[in-house]
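For reference, start_37.txt (compact mmCIF, C-alpha atoms (C1' of nucleotides)):
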```txt
# COMPACT_ATOMS: atom_id res chain seq x y z
CA MET A 1164 112.42 116.18 125.99
CA SER A 1165 114.40 113.05 125.32
CA LEU A 1166 117.12 114.13 122.94
CA PRO A 1167 119.23 116.01 125.51
CA HIS A 1168 119.07 113.00 127.80
CA ALA A 1169 119.98 110.65 124.98
CA ILE A 1170 123.05 112.81 124.37
CA LEU A 1171 123.95 112.92 128.07
CA THR A 1172 123.74 109.13 128.20
CA ALA A 1173 125.91 108.76 125.13
CA LEU A 1174 128.52 111.20 126.47
CA LEU A 1175 128.64 109.43 129.82
CA GLU A 1176 129.25 106.14 128.06
CA ARG A 1177 132.06 107.83 126.17
CA PRO A 1178 133.02 111.51 125.65
CA SER A 1179 132.66 112.35 121.97
CA SER A 1180 132.65 115.07 119.36
CA GLY A 1181 129.52 116.03 117.45
CA LEU A 1182 130.39 113.84 114.50
CA GLU A 1183 131.19 110.84 116.67
CA LEU A 1184 127.84 111.28 118.38
CA THR A 1185 126.15 111.44 114.99
CA ARG A 1186 127.78 108.13 114.08
CA ARG A 1187 126.67 106.55 117.33
CA PHE A 1188 123.12 107.82 116.80
CA ASP A 1189 123.16 105.87 113.54
CA ARG A 1190 123.92 102.65 115.41
CA SER A 1191 123.42 101.58 118.97
CA ILE A 1192 121.64 104.55 120.51
CA GLY A 1193 119.86 105.27 117.26
CA PHE A 1194 118.12 101.91 117.45
CA PHE A 1195 115.62 103.50 119.79
CA TRP A 1196 116.37 107.22 119.53
CA SER A 1197 117.63 108.59 116.23
CA ALA A 1198 118.90 112.11 115.59
CA THR A 1199 120.52 114.01 112.75
CA HIS A 1200 123.77 115.91 113.10
CA GLN A 1201 121.86 119.20 112.93
CA GLN A 1202 119.82 118.27 115.96
CA ILE A 1203 122.89 117.06 117.78
CA TYR A 1204 124.95 120.21 117.28
CA ARG A 1205 122.01 122.39 118.28
CA GLU A 1206 121.46 120.35 121.40
CA LEU A 1207 125.18 120.27 122.30
CA GLY A 1208 125.11 124.07 122.22
CA ARG A 1209 122.13 124.18 124.57
CA LEU A 1210 123.60 121.61 126.96
CA GLU A 1211 126.86 123.55 127.15
CA GLN A 1212 124.92 126.79 127.65
CA ALA A 1213 123.00 125.13 130.48
CA GLY A 1214 126.22 124.03 132.17
CA LEU A 1215 125.50 120.31 131.85
CA ILE A 1216 128.44 119.48 129.57
CA ARG A 1217 131.70 121.12 128.55
CA PRO A 1218 134.20 120.80 125.74
CA VAL A 1219 137.10 118.77 127.11
CA PRO A 1220 140.41 120.74 127.03
CA GLN A 1221 142.11 119.55 123.84
CA PRO A 1222 145.47 117.83 123.25
CA PRO A 1223 147.04 120.92 121.52
CA SER A 1224 144.75 120.85 118.44
CA ARG A 1225 143.66 118.01 116.22
CA GLY A 1226 141.86 119.77 113.44
CA GLN A 1227 138.76 121.47 114.73
CA ARG A 1228 137.08 118.60 116.50
CA LYS A 1229 135.39 119.53 119.73
CA GLU A 1230 135.09 116.73 122.27
CA TYR A 1231 132.45 117.05 125.00
CA GLU A 1232 132.19 115.53 128.45
CA VAL A 1233 129.39 115.52 131.01
CA LEU A 1234 129.62 117.73 134.10
CA PRO A 1235 128.29 116.63 137.51
CA ALA A 1236 125.18 118.77 136.99
CA GLY A 1237 124.55 116.86 133.76
CA ARG A 1238 124.75 113.51 135.48
CA GLU A 1239 122.30 114.69 138.13
CA ALA A 1240 119.90 116.01 135.52
CA LEU A 1241 119.97 112.67 133.74
CA ALA A 1242 119.43 110.67 136.93
CA GLY A 1243 116.46 112.88 137.76
CA TRP A 1244 114.94 112.37 134.32
CA VAL A 1245 115.31 108.59 134.54
CA GLY A 1246 113.18 108.57 137.68
CA GLU A 1247 110.38 110.77 136.33
CA GLN A 1248 106.89 109.57 135.53
CA GLN A 1249 106.24 109.68 131.79
CA ASP A 1250 103.22 108.08 130.22
CA PRO A 1251 103.84 105.88 127.19
CA LYS A 1252 103.10 107.58 123.87
CA PRO A 1253 100.10 106.20 122.01
CA ILE A 1254 100.82 104.24 118.83
CA ARG A 1255 101.35 106.46 115.81
CA ASP A 1256 101.91 104.46 112.70
CA ALA A 1257 101.35 105.59 109.13
CA LEU A 1258 101.16 102.06 107.77
CA LEU A 1259 98.22 101.19 110.02
CA LEU A 1260 96.58 104.41 108.93
CA ARG A 1261 97.10 103.49 105.29
CA LEU A 1262 95.48 100.12 105.85
CA ARG A 1263 92.47 101.81 107.35
CA ALA A 1264 92.34 104.22 104.43
CA ALA A 1265 92.67 101.31 102.03
CA ALA A 1266 89.50 99.83 103.52
CA VAL A 1267 87.73 102.98 102.27
CA VAL A 1268 89.38 103.95 98.98
CA GLY A 1269 90.84 100.65 97.86
CA ALA A 1270 94.33 99.25 98.01
CA PRO A 1271 96.12 98.93 94.67
CA GLY A 1272 99.79 98.46 95.36
CA LEU A 1273 99.44 98.08 99.10
CA ALA A 1274 100.41 94.42 99.06
CA ALA A 1275 103.73 95.30 97.45
CA GLU A 1276 104.29 97.94 100.11
CA LEU A 1277 103.54 95.46 102.88
CA SER A 1278 106.01 92.98 101.37
CA ARG A 1279 108.63 95.69 101.20
CA HIS A 1280 108.11 96.56 104.87
CA LEU A 1281 108.24 92.88 105.75
CA GLU A 1282 111.63 92.61 104.15
CA LEU A 1283 112.93 95.74 105.87
CA HIS A 1284 111.80 94.53 109.27
CA GLN A 1285 113.25 91.11 108.62
CA ARG A 1286 116.60 92.71 107.85
CA GLN A 1287 116.48 94.79 111.02
CA LEU A 1288 115.60 91.71 113.02
CA ASP A 1289 118.58 89.83 111.61
CA GLU A 1290 120.84 92.74 112.52
CA TYR A 1291 119.61 92.78 116.12
CA ARG A 1292 120.04 89.01 116.39
CA GLU A 1293 123.59 89.33 115.12
CA ILE A 1294 124.33 91.98 117.76
CA GLU A 1295 122.83 89.76 120.44
CA ARG A 1296 124.97 86.83 119.40
CA ARG A 1297 128.07 89.02 119.44
CA ASP A 1298 127.49 91.06 122.61
CA PHE A 1299 125.44 88.79 124.81
CA PRO A 1300 126.64 85.20 124.47
CA ALA A 1301 124.43 82.84 126.43
CA GLU A 1302 126.66 81.81 129.30
CA ARG A 1303 127.25 85.08 131.08
CA ALA A 1304 123.64 86.18 130.86
CA ALA A 1305 123.44 87.52 134.40
CA GLY A 1306 126.33 89.96 133.98
CA GLU A 1307 126.44 93.65 134.66
CA ASN A 1308 124.91 94.48 131.31
CA ARG A 1309 121.56 92.86 132.01
CA LEU A 1310 119.82 96.16 131.26
CA GLN A 1311 121.44 96.66 127.87
CA HIS A 1312 120.41 93.14 126.95
CA VAL A 1313 116.81 93.75 127.94
CA VAL A 1314 116.75 96.86 125.76
CA LEU A 1315 118.08 94.90 122.81
CA GLN A 1316 115.46 92.23 123.41
CA ALA A 1317 112.78 94.89 123.11
CA GLY A 1318 114.10 95.66 119.65
CA ILE A 1319 114.16 92.00 118.70
CA GLN A 1320 110.66 91.36 119.96
CA LEU A 1321 109.28 94.47 118.27
CA GLU A 1322 110.74 93.52 114.91
CA THR A 1323 109.47 90.00 115.42
CA PHE A 1324 106.01 91.39 115.99
CA TRP A 1325 106.17 93.41 112.76
CA THR A 1326 107.32 90.52 110.61
CA GLU A 1327 104.61 88.25 111.98
CA TRP A 1328 101.90 90.85 111.71
CA LEU A 1329 102.86 91.87 108.19
CA ALA A 1330 102.58 88.24 107.11
CA GLN A 1331 99.06 88.14 108.57
CA ALA A 1332 98.16 91.43 106.92
CA LEU A 1333 99.36 90.16 103.55
CA ALA A 1334 97.22 87.06 103.95
CA ALA A 1335 94.18 89.19 104.78
CA LEU A 1336 94.83 91.45 101.82
CA ASP A 1337 95.02 88.40 99.57
CA GLU A 1338 91.49 87.41 100.44
CA GLU A 1339 89.99 90.75 99.46
CA MET B 1232 102.25 114.15 106.18
CA SER B 1233 99.80 111.73 107.74
CA LEU B 1234 97.36 113.96 109.60
CA PRO B 1235 95.55 115.31 106.52
CA HIS B 1236 95.12 111.76 105.25
CA ALA B 1237 93.89 110.58 108.60
CA ILE B 1238 91.26 113.32 108.45
CA LEU B 1239 90.28 112.47 104.88
CA THR B 1240 89.84 108.84 105.89
CA ALA B 1241 87.71 109.81 108.86
CA LEU B 1242 85.55 112.15 106.78
CA LEU B 1243 85.03 109.50 104.12
CA GLU B 1244 83.90 107.06 106.75
CA ARG B 1245 81.47 109.73 107.99
CA PRO B 1246 81.21 113.49 107.34
CA SER B 1247 81.80 115.31 110.60
CA SER B 1248 82.36 118.65 112.27
CA GLY B 1249 85.66 119.58 113.90
CA LEU B 1250 84.50 118.56 117.33
CA GLU B 1251 83.13 115.24 116.16
CA LEU B 1252 86.46 114.54 114.48
CA THR B 1253 88.23 115.41 117.70
CA ARG B 1254 86.07 112.87 119.53
CA ARG B 1255 86.78 110.22 116.93
CA PHE B 1256 90.51 110.93 117.17
CA ASP B 1257 90.23 110.10 120.86
CA ARG B 1258 88.85 106.67 120.03
CA SER B 1259 89.06 104.48 116.96
CA ILE B 1260 91.28 106.49 114.66
CA GLY B 1261 93.25 107.83 117.59
CA PHE B 1262 94.36 104.30 118.48
CA PHE B 1263 97.04 104.65 115.83
CA TRP B 1264 96.95 108.35 114.93
CA SER B 1265 96.05 110.84 117.63
CA ALA B 1266 95.44 114.55 117.15
CA THR B 1267 94.27 117.49 119.25
CA HIS B 1268 91.41 119.76 118.26
CA GLN B 1269 93.86 122.55 117.49
CA GLN B 1270 95.62 120.40 114.94
CA ILE B 1271 92.34 119.27 113.47
CA TYR B 1272 90.88 122.74 112.95
CA ARG B 1273 94.12 123.97 111.41
CA GLU B 1274 94.23 121.02 109.05
CA LEU B 1275 90.55 121.33 108.12
CA GLY B 1276 91.27 124.90 107.07
CA ARG B 1277 94.16 123.76 104.88
CA LEU B 1278 92.22 120.90 103.32
CA GLU B 1279 89.35 123.24 102.46
CA GLN B 1280 91.80 125.77 101.07
CA ALA B 1281 93.32 123.03 98.91
CA GLY B 1282 89.92 122.06 97.57
CA LEU B 1283 89.99 118.53 99.01
CA ILE B 1284 87.01 118.95 101.35
CA ARG B 1285 84.14 121.39 101.73
CA PRO B 1286 81.68 122.39 104.42
CA VAL B 1287 78.46 120.57 103.64
CA PRO B 1288 75.53 122.99 103.02
CA GLN B 1289 73.74 123.17 106.36
CA PRO B 1290 70.18 122.29 107.31
CA PRO B 1291 69.17 125.96 107.95
CA SER B 1292 71.54 126.48 110.94
CA ARG B 1293 72.17 124.23 113.91
CA GLY B 1294 74.24 126.40 116.17
CA GLN B 1295 77.57 127.13 114.58
CA ARG B 1296 78.69 123.62 113.80
CA LYS B 1297 80.45 123.23 110.50
CA GLU B 1298 80.20 119.78 108.93
CA TYR B 1299 82.77 118.79 106.30
CA GLU B 1300 82.65 116.25 103.48
CA VAL B 1301 85.35 114.98 101.12
CA LEU B 1302 85.42 116.16 97.50
CA PRO B 1303 86.46 113.86 94.63
CA ALA B 1304 89.89 115.48 94.57
CA GLY B 1305 90.25 114.56 98.24
CA ARG B 1306 89.41 110.95 97.61
CA GLU B 1307 91.98 110.81 94.82
CA ALA B 1308 94.65 112.43 96.97
CA LEU B 1309 94.02 109.84 99.67
CA ALA B 1310 94.13 106.91 97.23
CA GLY B 1311 97.42 108.22 95.87
CA TRP B 1312 98.90 108.50 99.34
CA VAL B 1313 97.88 104.95 100.25
CA GLY B 1314 99.90 103.63 97.33
CA GLU B 1315 103.07 105.61 98.04
CA GLN B 1316 106.31 104.10 99.27
CA GLN B 1317 107.06 105.21 102.81
CA ASP B 1318 109.79 103.63 104.89
CA PRO B 1319 108.87 102.58 108.40
CA LYS B 1320 109.97 105.02 111.10
CA PRO B 1321 112.72 103.70 113.35
CA ILE B 1322 111.75 102.94 116.93
CA ARG B 1323 111.72 105.99 119.16
CA ASP B 1324 110.89 105.14 122.70
CA ALA B 1325 111.75 107.15 125.77
CA LEU B 1326 111.35 104.21 128.15
CA LEU B 1327 114.03 102.20 126.33
CA LEU B 1328 116.23 105.27 126.46
CA ARG B 1329 115.66 105.58 130.18
CA LEU B 1330 116.66 101.96 130.70
CA ARG B 1331 119.87 102.56 128.85
CA ALA B 1332 120.50 105.68 130.90
CA ALA B 1333 119.74 103.72 134.05
CA ALA B 1334 122.55 101.33 133.15
CA VAL B 1335 124.89 104.34 133.47
CA VAL B 1336 123.55 106.52 136.27
CA GLY B 1337 121.54 104.03 138.31
CA ALA B 1338 117.87 103.28 138.50
CA PRO B 1339 116.14 104.28 141.73
CA GLY B 1340 112.41 104.27 141.11
CA LEU B 1341 112.59 102.74 137.65
CA ALA B 1342 111.00 99.49 138.76
CA ALA B 1343 107.93 101.39 139.94
CA GLU B 1344 107.76 103.16 136.61
CA LEU B 1345 107.98 99.88 134.70
CA SER B 1346 105.17 98.45 136.81
CA ARG B 1347 103.07 101.50 136.10
CA HIS B 1348 103.62 101.13 132.35
CA LEU B 1349 102.83 97.45 132.60
CA GLU B 1350 99.48 98.28 134.13
CA LEU B 1351 98.71 100.94 131.50
CA HIS B 1352 99.51 98.60 128.64
CA GLN B 1353 97.49 95.83 130.25
CA ARG B 1354 94.50 98.18 130.41
CA GLN B 1355 94.91 99.17 126.76
CA LEU B 1356 95.17 95.51 125.78
CA ASP B 1357 91.95 94.73 127.62
CA GLU B 1358 90.22 97.58 125.82
CA TYR B 1359 91.33 96.32 122.40
CA ARG B 1360 90.24 92.79 123.24
CA GLU B 1361 86.84 94.10 124.27
CA ILE B 1362 86.51 95.93 120.95
CA GLU B 1363 87.52 92.78 119.08
CA ARG B 1364 84.92 90.72 120.88
CA ARG B 1365 82.25 93.31 120.10
CA ASP B 1366 83.10 94.18 116.49
CA PHE B 1367 84.70 91.02 115.13
CA PRO B 1368 82.90 87.96 116.48
CA ALA B 1369 84.60 84.75 115.38
CA GLU B 1370 82.17 83.33 112.89
CA ARG B 1371 82.13 86.00 110.22
CA ALA B 1372 85.88 86.46 110.20
CA ALA B 1373 86.24 86.66 106.42
CA GLY B 1374 83.81 89.54 106.01
CA GLU B 1375 84.34 92.82 104.23
CA ASN B 1376 86.06 94.35 107.25
CA ARG B 1377 89.02 92.05 107.17
CA LEU B 1378 91.33 95.05 106.93
CA GLN B 1379 89.90 96.80 109.97
CA HIS B 1380 90.32 93.60 111.93
CA VAL B 1381 93.96 93.25 110.91
CA VAL B 1382 94.62 96.81 112.07
CA LEU B 1383 93.02 96.07 115.43
CA GLN B 1384 95.13 92.93 115.72
CA ALA B 1385 98.24 95.03 115.29
CA GLY B 1386 97.16 97.02 118.34
CA ILE B 1387 96.48 93.87 120.32
CA GLN B 1388 99.79 92.28 119.40
CA LEU B 1389 101.74 95.44 120.13
CA GLU B 1390 100.22 95.80 123.59
CA THR B 1391 100.83 92.12 124.18
CA PHE B 1392 104.47 92.63 123.32
CA TRP B 1393 104.75 95.50 125.79
CA THR B 1394 103.17 93.63 128.67
CA GLU B 1395 105.40 90.62 128.11
CA TRP B 1396 108.54 92.65 127.66
CA LEU B 1397 107.86 94.83 130.70
CA ALA B 1398 107.52 91.69 132.81
CA GLN B 1399 110.92 90.53 131.54
CA ALA B 1400 112.45 93.94 132.18
CA LEU B 1401 111.14 93.98 135.73
CA ALA B 1402 112.68 90.57 136.33
CA ALA B 1403 116.02 91.77 134.97
CA LEU B 1404 115.87 94.90 137.11
CA ASP B 1405 115.21 92.74 140.17
CA GLU B 1406 118.50 90.92 139.76
CA GLU B 1407 120.61 94.06 139.75
C1' DC C 552 71.06 136.12 134.50
C1' DA C 553 75.05 133.38 135.76
C1' DT C 554 77.44 129.47 134.92
C1' DT C 555 78.67 125.64 132.43
C1' DC C 556 79.43 123.19 128.31
C1' DC C 557 79.66 123.23 123.25
C1' DA C 558 82.30 124.60 119.30
C1' DT C 559 85.70 126.91 116.85
C1' DG C 560 89.48 129.00 116.73
C1' DT C 561 94.74 132.02 117.65
C1' DA C 562 99.34 132.40 119.39
C1' DA C 563 103.61 130.92 120.84
C1' DC C 564 106.80 127.44 121.34
C1' DT C 565 109.60 122.96 120.75
C1' DC C 566 111.16 119.21 118.08
C1' DG C 567 112.43 117.12 113.91
C1' DT C 568 113.52 117.56 108.87
C1' DT C 569 115.56 119.36 104.62
C1' DA C 570 118.51 122.23 102.28
C1' DC C 571 122.43 124.77 102.29
C1' DA C 572 127.11 127.03 103.98
C1' DT C 573 131.89 127.03 105.40
C1' DG C 574 136.48 125.93 106.62
C1' DA C 575 140.11 122.16 107.48
C1' DT C 576 142.25 117.99 106.30
C1' DT C 577 143.51 114.21 103.29
C1' DA C 578 144.19 111.54 98.83
C1' DG C 579 145.40 111.28 94.23
C1' DC D 652 146.69 121.74 93.10
C1' DT D 653 142.29 119.79 93.04
C1' DA D 654 138.75 117.07 94.62
C1' DA D 655 136.79 114.57 98.11
C1' DT D 656 135.59 114.06 102.70
C1' DC D 657 135.72 115.56 107.53
C1' DA D 658 133.59 118.47 110.84
C1' DT D 659 130.73 122.00 112.42
C1' DG D 660 127.43 124.66 111.77
C1' DT D 661 122.78 128.17 109.83
C1' DA D 662 118.20 128.88 107.94
C1' DA D 663 113.69 127.84 106.94
C1' DC D 664 109.90 125.07 107.50
C1' DG D 665 106.30 121.69 109.14
C1' DA D 666 104.14 118.94 112.74
C1' DG D 667 102.78 118.59 117.33
C1' DT D 668 101.95 120.72 122.02
C1' DT D 669 100.28 124.02 125.45
C1' DA D 670 98.00 127.98 126.76
C1' DC D 671 94.64 131.05 125.90
C1' DA D 672 90.41 133.50 123.43
C1' DT D 673 85.71 133.93 121.90
C1' DG D 674 80.97 133.38 121.30
C1' DG D 675 76.68 130.66 121.21
C1' DA D 676 73.50 127.21 123.57
C1' DA D 677 71.68 125.03 127.44
C1' DT D 678 70.72 124.64 132.46
C1' DG D 679 69.80 126.00 137.08
```
Target encoding structure tokens, full file:
Amino acid sequence: MSLPHAILTALLERPSSGLELTRRFDRSIGFFWSATHQQIYRELGRLEQAGLIRPVPQPPSRGQRKEYEVLPAGREALAGWVGEQQDPKPIRDALLLRLRAAAVVGAPGLAAELSRHLELHQRQLDEYREIERRDFPAERAAGENRLQHVVLQAGIQLETFWTEWLAQALAALDEE
Amino acid sequence: MSLPHAILTALLERPSSGLELTRRFDRSIGFFWSATHQQIYRELGRLEQAGLIRPVPQPPSRGQRKEYEVLPAGREALAGWVGEQQDPKPIRDALLLRLRAAAVVGAPGLAAELSRHLELHQRQLDEYREIERRDFPAERAAGENRLQHVVLQAGIQLETFWTEWLAQALAALDEE
DNA sequence: CATTCCATGTAACTCGTTACATGATTAG
DNA sequence: CTAATCATGTAACGAGTTACATGGAATG
């Protein structure tokens, strides 16, 4: 049950319409919780139904955009969720599965696929590093956005892991 | 569409009944692709329907266990899947989301939760290391199970990342 | 013979994905 | 005026989860 809370967080950071949310779920928030516009509209409906958000009364009418804001009940629901106990999800990765399958049925073409993934992860890593340079310059490291920085670092370290591991895996595949 | 291929891989490694598969999905295979017995039985039905596996003719009747084995068509389907292009899934992690939410609504109790996760990941890491020591002793590193070892190393490195990052996150949370 | 465990399933639901629909605004 | 794009949705499906059902085998 994370999507509604992802949306509540996003709306607290800034009230938005469905499309704006969709855009934001392609960038910052989407870096660790992605969602399509279909999911978002469905969830906005449920959150409004549940009395956790409401459409903000509009400046006379700009097209048909519907801007939402979080109600006090929504903020409380989010705070409660943040404090819950939730066990980490076990790893679920198709690439690892494919490597294991390759050990049984052979691996033609897998090296190319690993290289491709390596490049994709490298690109993502570069993007995160760029964001870090822009948003968290070294000399005000202990600011109020310590938490955001730590979240970004998780992304950086995860992508670093993938690039390093994929290089290892390629080396191992070479020796087959 | 990974579950059917996970099952095909498992059955190629060793023909099994539904319950045996369930057990194996709690251990080795489950370390990167978990599944419940309900999922497994449903998928076994589909795979049999599709002509990719079949129940192996039974030694007169041992209870009601139904053992399955992979047919040639199943092996081909698996080999094809291994060679496909599949983009890596973006990160989707509720804990990172909760940290971001905590930056907005506050974080009472989050430190305790991070510590708890740290301990869980540490335990998982220890388990992987134990498996590595048992199944991949140093001096025959270049054997035929190079690929299995590389998969296990992914698990080890991922858990290592989490333990290190959680320590950082706890430190950051402390300074709030 | 009652209970527990083994073994295989059904049913109902939620979440995420893919394909499609519809009306309003803007650009050429 | 037409086409593109903005913005909000609906519908159908598949994968995963949770709760429950059923019957045989083994144990006291």
Could you give me, as a CSV table (one decimal) with C-alpha atoms, in the coordinates of the input, the residues within 12 Å of Ala1264 (chain A), counting only C-alpha atoms (C1' of nucleotides) and dropping anything in the same chain fewer than 2 positions from it?
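Result saved to part_17.csv:
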```
chain,number,residue,atom,x,y,z
A,1257,ALA,CA,101.4,105.6,109.1
A,1258,LEU,CA,101.2,102.1,107.8
A,1259,LEU,CA,98.2,101.2,110.0
A,1260,LEU,CA,96.6,104.4,108.9
A,1261,ARG,CA,97.1,103.5,105.3
A,1262,LEU,CA,95.5,100.1,105.8
A,1266,ALA,CA,89.5,99.8,103.5
A,1267,VAL,CA,87.7,103.0,102.3
A,1268,VAL,CA,89.4,104.0,99.0
A,1269,GLY,CA,90.8,100.6,97.9
A,1270,ALA,CA,94.3,99.2,98.0
A,1271,PRO,CA,96.1,98.9,94.7
A,1273,LEU,CA,99.4,98.1,99.1
B,1233,SER,CA,99.8,111.7,107.7
B,1235,PRO,CA,95.6,115.3,106.5
B,1236,HIS,CA,95.1,111.8,105.2
B,1237,ALA,CA,93.9,110.6,108.6
B,1238,ILE,CA,91.3,113.3,108.4
B,1239,LEU,CA,90.3,112.5,104.9
B,1240,THR,CA,89.8,108.8,105.9
B,1241,ALA,CA,87.7,109.8,108.9
B,1242,LEU,CA,85.6,112.2,106.8
B,1243,LEU,CA,85.0,109.5,104.1
B,1244,GLU,CA,83.9,107.1,106.8
B,1260,ILE,CA,91.3,106.5,114.7
B,1306,ARG,CA,89.4,111.0,97.6
B,1307,GLU,CA,92.0,110.8,94.8
B,1308,ALA,CA,94.6,112.4,97.0
B,1309,LEU,CA,94.0,109.8,99.7
B,1310,ALA,CA,94.1,106.9,97.2
B,1311,GLY,CA,97.4,108.2,95.9
B,1312,TRP,CA,98.9,108.5,99.3
B,1313,VAL,CA,97.9,105.0,100.2
B,1314,GLY,CA,99.9,103.6,97.3
B,1378,LEU,CA,91.3,95.0,106.9
B,1379,GLN,CA,89.9,96.8,110.0
B,1382,VAL,CA,94.6,96.8,112.1
```
Find the nearest atom pair between each residue of chain C and chain B for residues within 12 Å, count all atoms listed in the file, give distances in Å to one decimal, sort rows by chain and ascending number, and present the table as CSV.
```
residue,atom,partner,partner_atom,distance
C:DC557,C1',B:Leu1250,CA,9.0
C:DA558,C1',B:Arg1296,CA,6.7
C:DT559,C1',B:Tyr1272,CA,7.7
C:DG560,C1',B:Tyr1272,CA,7.4
C:DT561,C1',B:Gln1269,CA,9.5
C:DA562,C1',B:Gln1269,CA,11.4
```
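Here CA of Gly1214 (chain A) is placed at a distance of 27.3 Å from C1' of DT568 (chain C).
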Problem set entry | Who sits within 9 Å of DA666 (chain D), all atoms listed in the file, same chain under 4 positions skipped, as a PyMOL selection string | (chain B and resi 1232+1234+1270) or (chain C and resi 566-567)
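Note that C1' of DA572 (chain C) and C1' of DC652 (chain D) are 23.0 Å apart.
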Show me which bits of chain D are within 10 Å of chain A, counting only C-alpha atoms (C1' of nucleotides), as an mmCIF file with C-alpha atoms (C1' of nucleotides), keeping the file's coordinate frame.
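Below is the file that was written, result23.cif:
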```
data_model
loop_
_atom_site.group_PDB
_atom_site.id
_atom_site.type_symbol
_atom_site.label_atom_id
_atom_site.label_comp_id
_atom_site.auth_asym_id
_atom_site.auth_seq_id
_atom_site.Cartn_x
_atom_site.Cartn_y
_atom_site.Cartn_z
ATOM 1 C "C1'" DC D 657 135.720 115.560 107.530
ATOM 2 C "C1'" DA D 658 133.590 118.470 110.840
ATOM 3 C "C1'" DT D 659 130.730 122.000 112.420
ATOM 4 C "C1'" DG D 660 127.430 124.660 111.770
ATOM 5 C "C1'" DT D 661 122.780 128.170 109.830
#
```
Problem set entry | Between CA of Phe1263 (chain B) and CA of Pro1253 (chain A), distance in Å (one decimal) | 7.1 Å
Problem set entry | Among the residues B:Leu1389, B:Val1287, B:Val1301, B:Ala1398, the one that comes closest to chain A [using only C-alpha atoms] |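 The closest residue to chain A is B:Leu1389.
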Problem set entry | Polymer residues at most 12 Å from (97.9, 133.5, 124.7) by only C-alpha atoms (C1' of nucleotides), as a VMD selection string | (chain C and resid 561 to 564) or (chain D and resid 669 to 672)
